[in-house]
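Asker: Quick one, structure-v8.csv (CSV, N, CA and C atoms):
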chain,number,residue,atom,x,y,z
A,18,MET,N,14.7,-12.3,14.1
A,18,MET,CA,13.9,-12.3,15.2
A,18,MET,C,14.3,-11.1,16.1
A,19,GLU,N,13.3,-10.3,16.4
A,19,GLU,CA,13.6,-9.1,17.2
A,19,GLU,C,14.1,-9.5,18.6
A,20,LYS,N,13.7,-10.6,19.2
A,20,LYS,CA,14.1,-10.9,20.5
A,20,LYS,C,15.6,-11.1,20.6
A,21,TYR,N,16.2,-11.6,19.5
A,21,TYR,CA,17.7,-11.8,19.5
A,21,TYR,C,18.4,-10.4,19.4
A,22,MET,N,17.8,-9.5,18.6
A,22,MET,CA,18.4,-8.2,18.5
A,22,MET,C,18.2,-7.5,19.8
A,23,GLN,N,17.1,-7.7,20.5
A,23,GLN,CA,17.0,-7.0,21.8
A,23,GLN,C,18.0,-7.5,22.8
A,24,ILE,N,18.4,-8.7,22.7
A,24,ILE,CA,19.4,-9.3,23.6
A,24,ILE,C,20.8,-8.7,23.2
A,25,ALA,N,21.0,-8.5,21.9
A,25,ALA,CA,22.2,-7.9,21.4
A,25,ALA,C,22.3,-6.4,21.9
A,26,LEU,N,21.1,-5.7,21.9
A,26,LEU,CA,21.1,-4.4,22.4
A,26,LEU,C,21.4,-4.4,23.9
A,27,ASN,N,20.9,-5.3,24.6
A,27,ASN,CA,21.3,-5.4,26.1
A,27,ASN,C,22.8,-5.6,26.3
A,28,GLU,N,23.4,-6.4,25.4
A,28,GLU,CA,24.9,-6.5,25.4
A,28,GLU,C,25.5,-5.2,25.1
A,29,ALA,N,25.0,-4.5,24.1
A,29,ALA,CA,25.6,-3.2,23.8
A,29,ALA,C,25.6,-2.2,25.0
A,30,LYS,N,24.5,-2.3,25.8
A,30,LYS,CA,24.4,-1.5,26.9
A,30,LYS,C,25.5,-1.8,28.0
A,31,LYS,N,25.9,-3.0,28.0
A,31,LYS,CA,27.0,-3.4,28.9
A,31,LYS,C,28.3,-2.7,28.5
A,32,ALA,N,28.5,-2.7,27.1
A,32,ALA,CA,29.7,-2.0,26.6
A,32,ALA,C,29.7,-0.5,27.0
A,33,LEU,N,28.5,0.1,26.8
A,33,LEU,CA,28.3,1.5,27.1
A,33,LEU,C,28.7,1.8,28.6
A,34,LYS,N,28.2,0.9,29.5
A,34,LYS,CA,28.5,1.2,30.9
A,34,LYS,C,30.0,1.1,31.2
A,35,LYS,N,30.8,0.4,30.3
A,35,LYS,CA,32.2,0.2,30.6
A,35,LYS,C,33.0,1.1,29.7
A,36,GLY,N,32.3,2.1,29.0
A,36,GLY,CA,33.1,3.1,28.2
A,36,GLY,C,33.5,2.6,26.8
A,37,ASP,N,32.9,1.5,26.4
A,37,ASP,CA,33.3,1.0,25.0
A,37,ASP,C,32.2,1.4,24.0
A,38,ILE,N,32.5,1.4,22.8
A,38,ILE,CA,31.5,1.7,21.7
A,38,ILE,C,30.4,0.6,21.9
A,39,PRO,N,29.2,1.1,22.1
A,39,PRO,CA,28.1,0.1,22.4
A,39,PRO,C,27.6,-0.7,21.3
A,40,VAL,N,28.3,-1.8,21.1
A,40,VAL,CA,27.9,-2.8,20.1
A,40,VAL,C,27.7,-4.1,20.8
A,41,GLY,N,26.6,-4.8,20.5
A,41,GLY,CA,26.4,-6.2,21.0
A,41,GLY,C,26.1,-7.2,19.9
A,42,ALA,N,26.5,-8.4,20.2
A,42,ALA,CA,26.3,-9.5,19.2
A,42,ALA,C,25.8,-10.8,19.9
A,43,VAL,N,25.0,-11.5,19.1
A,43,VAL,CA,24.4,-12.8,19.6
A,43,VAL,C,24.5,-13.8,18.5
A,44,VAL,N,25.0,-15.0,18.8
A,44,VAL,CA,25.0,-16.1,17.8
A,44,VAL,C,23.9,-17.1,18.1
A,45,VAL,N,23.1,-17.4,17.1
A,45,VAL,CA,22.0,-18.3,17.3
A,45,VAL,C,22.1,-19.5,16.4
A,46,LYS,N,21.9,-20.7,17.0
A,46,LYS,CA,21.9,-21.9,16.2
A,46,LYS,C,20.6,-22.7,16.5
A,47,ASP,N,19.9,-23.1,15.5
A,47,ASP,CA,18.7,-23.9,15.7
A,47,ASP,C,17.7,-23.2,16.7
A,48,GLY,N,17.6,-21.9,16.6
A,48,GLY,CA,16.7,-21.2,17.4
A,48,GLY,C,17.1,-21.0,18.9
A,49,LYS,N,18.4,-21.3,19.2
A,49,LYS,CA,18.9,-21.2,20.5
A,49,LYS,C,20.1,-20.3,20.5
A,50,ILE,N,20.2,-19.4,21.5
A,50,ILE,CA,21.4,-18.6,21.7
A,50,ILE,C,22.6,-19.5,22.2
A,51,ILE,N,23.7,-19.4,21.4
A,51,ILE,CA,24.8,-20.2,21.9
A,51,ILE,C,26.0,-19.3,22.3
A,52,ALA,N,25.9,-18.0,22.0
A,52,ALA,CA,26.9,-17.1,22.5
A,52,ALA,C,26.4,-15.6,22.4
A,53,LYS,N,26.9,-14.8,23.3
A,53,LYS,CA,26.6,-13.4,23.2
A,53,LYS,C,27.8,-12.6,23.7
A,54,ALA,N,28.0,-11.4,23.2
A,54,ALA,CA,29.1,-10.6,23.7
A,54,ALA,C,28.9,-9.1,23.3
A,55,TYR,N,29.8,-8.3,23.9
A,55,TYR,CA,29.8,-6.9,23.6
A,55,TYR,C,31.2,-6.4,23.4
A,56,ASN,N,31.4,-5.2,22.8
A,56,ASN,CA,32.7,-4.7,22.6
A,56,ASN,C,33.5,-4.6,23.9
A,57,LYS,N,34.7,-5.0,23.8
A,57,LYS,CA,35.7,-4.9,25.0
A,57,LYS,C,37.0,-4.3,24.5
A,58,ARG,N,37.0,-3.6,23.4
A,58,ARG,CA,38.3,-3.1,22.9
A,58,ARG,C,39.0,-2.2,23.9
A,59,GLU,N,38.2,-1.2,24.4
A,59,GLU,CA,38.8,-0.3,25.3
A,59,GLU,C,39.1,-0.9,26.7
A,60,LYS,N,38.2,-1.7,27.1
A,60,LYS,CA,38.4,-2.4,28.4
A,60,LYS,C,39.6,-3.3,28.4
A,61,ASN,N,39.8,-4.0,27.4
A,61,ASN,CA,40.9,-5.0,27.3
A,61,ASN,C,42.2,-4.5,26.6
A,62,ASN,N,42.0,-3.3,26.0
A,62,ASN,CA,43.1,-2.7,25.1
A,62,ASN,C,43.6,-3.7,24.1
A,63,VAL,N,42.6,-4.3,23.4
A,63,VAL,CA,42.9,-5.3,22.3
A,63,VAL,C,42.0,-4.9,21.1
A,64,THR,N,42.7,-4.6,20.0
A,64,THR,CA,42.0,-4.1,18.8
A,64,THR,C,40.9,-5.0,18.3
A,65,THR,N,41.1,-6.3,18.4
A,65,THR,CA,40.2,-7.3,17.8
A,65,THR,C,39.0,-7.6,18.8
A,66,HIS,N,38.9,-7.0,19.9
A,66,HIS,CA,37.9,-7.4,20.8
A,66,HIS,C,36.5,-6.7,20.5
A,67,HIS,N,36.1,-6.9,19.3
A,67,HIS,CA,34.8,-6.4,18.8
A,67,HIS,C,33.8,-7.4,19.3
A,68,ALA,N,32.5,-7.0,19.4
A,68,ALA,CA,31.4,-7.9,19.9
A,68,ALA,C,31.3,-9.1,19.0
A,69,GLU,N,31.4,-8.9,17.7
A,69,GLU,CA,31.2,-10.0,16.7
A,69,GLU,C,32.3,-11.1,16.9
A,70,ILE,N,33.6,-10.7,17.0
A,70,ILE,CA,34.7,-11.6,17.2
A,70,ILE,C,34.5,-12.4,18.5
A,71,LEU,N,34.2,-11.6,19.6
A,71,LEU,CA,34.1,-12.3,20.9
A,71,LEU,C,32.9,-13.3,20.9
A,72,ALA,N,31.8,-12.9,20.2
A,72,ALA,CA,30.7,-13.9,20.2
A,72,ALA,C,31.0,-15.1,19.3
A,73,ILE,N,31.7,-14.9,18.2
A,73,ILE,CA,32.1,-16.0,17.4
A,73,ILE,C,33.0,-16.9,18.2
A,74,ASN,N,34.0,-16.4,18.9
A,74,ASN,CA,34.9,-17.2,19.6
A,74,ASN,C,34.2,-18.0,20.7
A,75,LYS,N,33.2,-17.4,21.4
A,75,LYS,CA,32.4,-18.1,22.4
A,75,LYS,C,31.6,-19.2,21.8
A,76,ALA,N,31.0,-18.9,20.6
A,76,ALA,CA,30.2,-19.9,19.9
A,76,ALA,C,31.0,-21.1,19.5
A,77,CYS,N,32.2,-20.9,19.0
A,77,CYS,CA,33.1,-22.0,18.6
A,77,CYS,C,33.4,-22.9,19.8
A,78,LYS,N,33.7,-22.2,20.9
A,78,LYS,CA,34.0,-23.0,22.1
A,78,LYS,C,32.8,-23.8,22.5
A,79,LYS,N,31.6,-23.2,22.4
A,79,LYS,CA,30.4,-23.9,22.9
A,79,LYS,C,30.1,-25.1,22.1
A,80,ILE,N,30.3,-25.1,20.8
A,80,ILE,CA,29.9,-26.2,19.9
A,80,ILE,C,31.1,-27.1,19.6
A,81,HIS,N,32.3,-26.7,20.1
A,81,HIS,CA,33.6,-27.4,19.9
A,81,HIS,C,33.9,-27.6,18.4
A,82,ASN,N,33.7,-26.5,17.7
A,82,ASN,CA,34.0,-26.5,16.2
A,82,ASN,C,34.1,-25.1,15.8
A,83,TRP,N,35.1,-24.8,14.9
A,83,TRP,CA,35.3,-23.5,14.4
A,83,TRP,C,34.3,-23.2,13.3
A,84,ARG,N,33.7,-24.2,12.7
A,84,ARG,CA,32.7,-24.0,11.7
A,84,ARG,C,31.3,-23.8,12.3
A,85,LEU,N,30.8,-22.6,12.1
A,85,LEU,CA,29.5,-22.2,12.7
A,85,LEU,C,28.4,-22.3,11.6
A,86,ASN,N,28.4,-23.5,10.9
A,86,ASN,CA,27.5,-23.7,9.9
A,86,ASN,C,26.1,-23.6,10.5
A,87,ASP,N,25.2,-23.0,9.7
A,87,ASP,CA,23.8,-22.9,10.0
A,87,ASP,C,23.5,-22.0,11.3
A,88,CYS,N,24.5,-21.2,11.6
A,88,CYS,CA,24.4,-20.2,12.7
A,88,CYS,C,24.1,-18.8,12.1
A,89,GLU,N,23.4,-18.0,12.9
A,89,GLU,CA,23.0,-16.7,12.5
A,89,GLU,C,23.6,-15.7,13.5
A,90,LEU,N,24.1,-14.6,13.1
A,90,LEU,CA,24.6,-13.6,13.9
A,90,LEU,C,23.7,-12.3,14.0
A,91,TYR,N,23.3,-11.9,15.1
A,91,TYR,CA,22.6,-10.7,15.3
A,91,TYR,C,23.5,-9.7,15.9
A,92,VAL,N,23.7,-8.5,15.3
A,92,VAL,CA,24.6,-7.5,15.8
A,92,VAL,C,24.0,-6.1,15.7
A,93,THR,N,24.2,-5.3,16.6
A,93,THR,CA,23.5,-4.0,16.7
A,93,THR,C,24.0,-3.0,15.6
A,94,MET,N,25.2,-3.2,15.1
A,94,MET,CA,25.8,-2.3,14.1
A,94,MET,C,26.4,-3.2,13.0
A,95,GLU,N,26.3,-2.7,11.8
A,95,GLU,CA,26.9,-3.3,10.6
A,95,GLU,C,28.4,-3.7,10.9
A,96,PRO,N,28.8,-4.9,10.6
A,96,PRO,CA,30.1,-5.3,10.9
A,96,PRO,C,31.2,-4.6,10.1
A,97,CYS,N,32.4,-4.4,10.7
A,97,CYS,CA,33.5,-3.9,10.0
A,97,CYS,C,34.2,-4.9,9.1
A,98,MET,N,35.2,-4.5,8.4
A,98,MET,CA,35.9,-5.4,7.5
A,98,MET,C,36.5,-6.6,8.3
A,99,MET,N,37.1,-6.4,9.4
A,99,MET,CA,37.7,-7.4,10.2
A,99,MET,C,36.7,-8.4,10.6
A,100,CYS,N,35.6,-7.9,11.1
A,100,CYS,CA,34.5,-8.8,11.6
A,100,CYS,C,33.9,-9.6,10.5
A,101,CYS,N,33.7,-8.9,9.3
A,101,CYS,CA,33.2,-9.6,8.1
A,101,CYS,C,34.1,-10.8,7.7
A,102,GLY,N,35.4,-10.6,7.8
A,102,GLY,CA,36.3,-11.7,7.5
A,102,GLY,C,36.1,-12.9,8.5
A,103,ALA,N,35.9,-12.6,9.8
A,103,ALA,CA,35.7,-13.6,10.8
A,103,ALA,C,34.4,-14.3,10.5
A,104,ILE,N,33.4,-13.6,10.1
A,104,ILE,CA,32.0,-14.1,9.9
A,104,ILE,C,32.1,-15.1,8.7
A,105,ILE,N,32.8,-14.7,7.6
A,105,ILE,CA,33.0,-15.5,6.4
A,105,ILE,C,33.8,-16.8,6.8
A,106,GLN,N,34.9,-16.6,7.5
A,106,GLN,CA,35.7,-17.7,7.8
A,106,GLN,C,35.0,-18.7,8.7
A,107,SER,N,34.2,-18.2,9.6
A,107,SER,CA,33.5,-19.1,10.5
A,107,SER,C,32.2,-19.8,9.9
A,108,ARG,N,31.9,-19.4,8.7
A,108,ARG,CA,30.8,-20.0,7.9
A,108,ARG,C,29.4,-19.7,8.5
A,109,ILE,N,29.3,-18.6,9.2
A,109,ILE,CA,28.0,-18.1,9.6
A,109,ILE,C,27.1,-17.9,8.4
A,110,SER,N,25.9,-18.3,8.4
A,110,SER,CA,25.1,-18.3,7.2
A,110,SER,C,24.3,-17.0,7.0
A,111,LYS,N,24.0,-16.3,8.1
A,111,LYS,CA,23.2,-15.1,8.0
A,111,LYS,C,23.6,-14.1,9.1
A,112,VAL,N,23.6,-12.8,8.7
A,112,VAL,CA,23.9,-11.7,9.6
A,112,VAL,C,22.7,-10.8,9.6
A,113,THR,N,22.2,-10.4,10.7
A,113,THR,CA,21.2,-9.4,10.9
A,113,THR,C,21.7,-8.3,11.7
A,114,TYR,N,21.7,-7.1,11.2
A,114,TYR,CA,22.3,-6.0,11.9
A,114,TYR,C,21.2,-4.9,12.1
A,115,GLY,N,21.4,-4.1,13.1
A,115,GLY,CA,20.4,-3.0,13.4
A,115,GLY,C,20.7,-1.8,12.6
A,116,THR,N,21.8,-1.1,12.8
A,116,THR,CA,22.1,0.1,12.1
A,116,THR,C,23.3,0.0,11.2
A,117,ALA,N,23.3,0.9,10.2
A,117,ALA,CA,24.4,0.9,9.3
A,117,ALA,C,25.7,1.5,10.0
A,118,ASN,N,26.8,1.1,9.5
A,118,ASN,CA,28.1,1.6,10.0
A,118,ASN,C,28.7,2.4,8.8
A,119,ASP,N,28.3,3.7,8.7
A,119,ASP,CA,28.7,4.5,7.6
A,119,ASP,C,30.2,4.6,7.4
A,120,ASN,N,31.0,4.6,8.4
A,120,ASN,CA,32.4,4.7,8.3
A,120,ASN,C,33.1,3.4,8.0
A,121,PHE,N,32.7,2.3,8.6
A,121,PHE,CA,33.5,1.1,8.6
A,121,PHE,C,32.7,-0.1,8.2
A,122,GLY,N,31.4,0.0,7.8
A,122,GLY,CA,30.6,-1.1,7.4
A,122,GLY,C,31.0,-1.8,6.1
A,123,PHE,N,31.0,-3.1,6.1
A,123,PHE,CA,31.4,-3.9,5.0
A,123,PHE,C,30.5,-5.1,4.7
A,124,SER,N,29.2,-4.9,4.9
A,124,SER,CA,28.2,-6.0,4.7
A,124,SER,C,28.2,-6.4,3.2
A,125,ASN,N,28.6,-5.5,2.3
A,125,ASN,CA,28.6,-5.9,0.9
A,125,ASN,C,29.6,-7.1,0.7
A,126,VAL,N,30.6,-7.2,1.5
A,126,VAL,CA,31.6,-8.3,1.4
A,126,VAL,C,30.9,-9.6,1.8
A,127,LEU,N,30.0,-9.5,2.8
A,127,LEU,CA,29.3,-10.7,3.2
A,127,LEU,C,28.4,-11.2,2.1
A,128,LYS,N,27.7,-10.3,1.4
A,128,LYS,CA,26.8,-10.7,0.3
A,128,LYS,C,27.6,-11.4,-0.8
A,129,GLU,N,28.8,-10.8,-1.1
A,129,GLU,CA,29.6,-11.4,-2.1
A,129,GLU,C,30.1,-12.8,-1.8
A,130,ASN,N,30.1,-13.1,-0.5
A,130,ASN,CA,30.5,-14.4,0.0
A,130,ASN,C,29.3,-15.3,0.4
A,131,ASN,N,28.1,-15.0,-0.2
A,131,ASN,CA,26.9,-15.8,0.0
A,131,ASN,C,26.4,-15.9,1.5
A,132,VAL,N,26.7,-14.8,2.3
A,132,VAL,CA,26.1,-14.7,3.6
A,132,VAL,C,24.9,-13.9,3.4
A,133,LYS,N,23.8,-14.4,3.9
A,133,LYS,CA,22.5,-13.7,3.9
A,133,LYS,C,22.6,-12.5,4.8
A,134,ILE,N,22.0,-11.4,4.4
A,134,ILE,CA,22.0,-10.1,5.2
A,134,ILE,C,20.6,-9.6,5.4
A,135,GLU,N,20.3,-9.2,6.6
A,135,GLU,CA,19.1,-8.5,6.9
A,135,GLU,C,19.5,-7.3,7.7
A,136,SER,N,19.0,-6.1,7.3
A,136,SER,CA,19.4,-4.9,8.0
A,136,SER,C,18.2,-4.1,8.5
A,137,GLY,N,18.4,-3.3,9.5
A,137,GLY,CA,17.4,-2.4,9.9
A,137,GLY,C,16.5,-2.9,11.1
A,138,MET,N,16.9,-4.0,11.6
A,138,MET,CA,16.1,-4.6,12.8
A,138,MET,C,16.4,-3.7,14.0
A,139,LEU,N,15.3,-3.2,14.6
A,139,LEU,CA,15.4,-2.3,15.8
A,139,LEU,C,16.4,-1.1,15.5
A,140,GLU,N,16.4,-0.7,14.2
A,140,GLU,CA,17.3,0.3,13.7
A,140,GLU,C,17.4,1.6,14.6
A,141,ASN,N,16.3,2.1,15.0
A,141,ASN,CA,16.3,3.4,15.7
A,141,ASN,C,17.0,3.2,17.1
A,142,GLU,N,16.7,2.1,17.8
A,142,GLU,CA,17.4,1.9,19.1
A,142,GLU,C,18.8,1.6,18.9
A,143,CYS,N,19.2,0.9,17.9
A,143,CYS,CA,20.6,0.6,17.7
A,143,CYS,C,21.4,1.8,17.3
A,144,ARG,N,20.8,2.7,16.4
A,144,ARG,CA,21.5,3.9,16.0
A,144,ARG,C,21.6,4.9,17.2
A,145,LYS,N,20.5,5.0,17.9
A,145,LYS,CA,20.6,6.0,19.0
A,145,LYS,C,21.6,5.7,20.1
A,146,ILE,N,21.8,4.4,20.4
A,146,ILE,CA,22.8,4.1,21.5
A,146,ILE,C,24.2,4.5,21.0
A,147,VAL,N,24.5,4.3,19.8
A,147,VAL,CA,25.8,4.6,19.2
A,147,VAL,C,25.9,6.1,19.1
A,148,GLN,N,24.9,6.8,18.6
A,148,GLN,CA,25.0,8.2,18.4
A,148,GLN,C,25.2,8.9,19.8
A,149,ASN,N,24.4,8.5,20.7
A,149,ASN,CA,24.5,9.1,22.1
A,149,ASN,C,25.9,8.9,22.7
A,150,PHE,N,26.5,7.7,22.5
A,150,PHE,CA,27.8,7.4,23.0
A,150,PHE,C,28.8,8.5,22.4
A,151,PHE,N,28.7,8.7,21.1
A,151,PHE,CA,29.7,9.6,20.5
A,151,PHE,C,29.4,11.1,20.9
A,152,VAL,N,28.2,11.4,21.1
A,152,VAL,CA,27.8,12.8,21.5
A,152,VAL,C,28.4,13.0,22.9
A,153,GLN,N,28.3,12.0,23.8
A,153,GLN,CA,28.8,12.1,25.1
A,153,GLN,C,30.4,12.2,25.1
A,154,LYS,N,31.0,11.4,24.2
A,154,LYS,CA,32.5,11.4,24.1
A,154,LYS,C,33.0,12.8,23.7
A,155,ARG,N,32.3,13.4,22.8
A,155,ARG,CA,32.7,14.7,22.2
A,155,ARG,C,32.5,15.9,23.2
A,156,ASN,N,31.6,15.7,24.2
A,156,ASN,CA,31.3,16.8,25.1
A,156,ASN,C,32.2,16.8,26.3
Render the structure in this file as structure tokens.
Answerer:
Amino acid sequence: MEKYMQIALNEAKKALKKGDIPVGAVVVKDGKIIAKAYNKREKNNVTTHHAEILAINKACKKIHNWRLNDCELYVTMEPCMMCCGAIIQSRISKVTYGTANDNFGFSNVLKENNVKIESGMLENECRKIVQNFFVQKRN
């Protein structure tokens, strides 16, 4: 659903404002958002503070269970290996991401572990926000 990806993009914009790689994530259960987050690795100086990990942690707290059965994750960029591990361990059933992560994307691991994948939702917007971030960082 594009509305969830748009919310993830809004989260990514928060990361951008704070100088972090602009990635946002939203966890949905039964058509309801139960958690949303954005990258805070630079802000908090914590390697694992990726949007997906933070959203998963919030979702677990919200439902009082580490098992996120029947939950879906919407994320603006293809998850890295670390985030894929957390997605698999938390038992999220589906991941929808906006743009590919050519350097660190591991969605193939999700497929191998029976997590449904959808890619390319709002792809241009998701790709542009990340590209513009790195162009600005290099200048």
Asker: Write out as a tab-separated table the residues of stretch 38-116 of chain A that have any atom within 7 Å of an atom of stretch 130-153 of chain A, one row each with the nearest atom pair and its distance in Å to one decimal, counting only C-alpha atoms, sorted by chain and then rising number.
Answerer:
residue	atom	partner	partner_atom	distance
A:Ile38	CA	A:Val147	CA	6.9
A:Pro39	CA	A:Val147	CA	6.0
A:Thr93	CA	A:Cys143	CA	5.5
A:Met94	CA	A:Cys143	CA	7.0
A:Ile105	CA	A:Asn130	CA	7.0
A:Ser110	CA	A:Val132	CA	5.2
A:Lys111	CA	A:Lys133	CA	4.4
A:Val112	CA	A:Ile134	CA	5.1
A:Thr113	CA	A:Glu135	CA	4.6
A:Tyr114	CA	A:Ser136	CA	5.0
A:Gly115	CA	A:Glu140	CA	4.5
A:Thr116	CA	A:Glu140	CA	5.1
Asker: Report the residues of chain A whose backbone DSSP state falls under alpha helix (DSSP H), written as number ranges by chain.
Answerer: A: 19-34, 58-61, 68-80, 98-107, 124-129, 140-155
Asker: Which residue out of A:Ala117, A:Ala32, A:Met98, A:Met22 has the minimum interatomic distance to A:Asn61 when only C-alpha atoms are used?
Answerer: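 Using only C-alpha atoms, A:Asn61 sits closest to A:Ala32.
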Asker: Could you check which of A:Ser124, A:His67, A:Asn118, A:Glu59 is closest to A:Lys34, using only C-alpha atoms?
Answerer: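 Selected residue with least distance to A:Lys34: A:Glu59.
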Asker: What's the separation between atom CA of A:Lys57 and atom CA of A:Lys75, in Å to one decimal place?
Answerer: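 Going from atom CA of A:Lys57 over to atom CA of A:Lys75, I get 13.9 Å.
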Asker: Rank nothing, just name the residue among A:Ile70, A:Asn125, A:Asn120, A:Arg84 nearest to A:Arg108, using only C-alpha atoms.
Answerer: A:Arg84
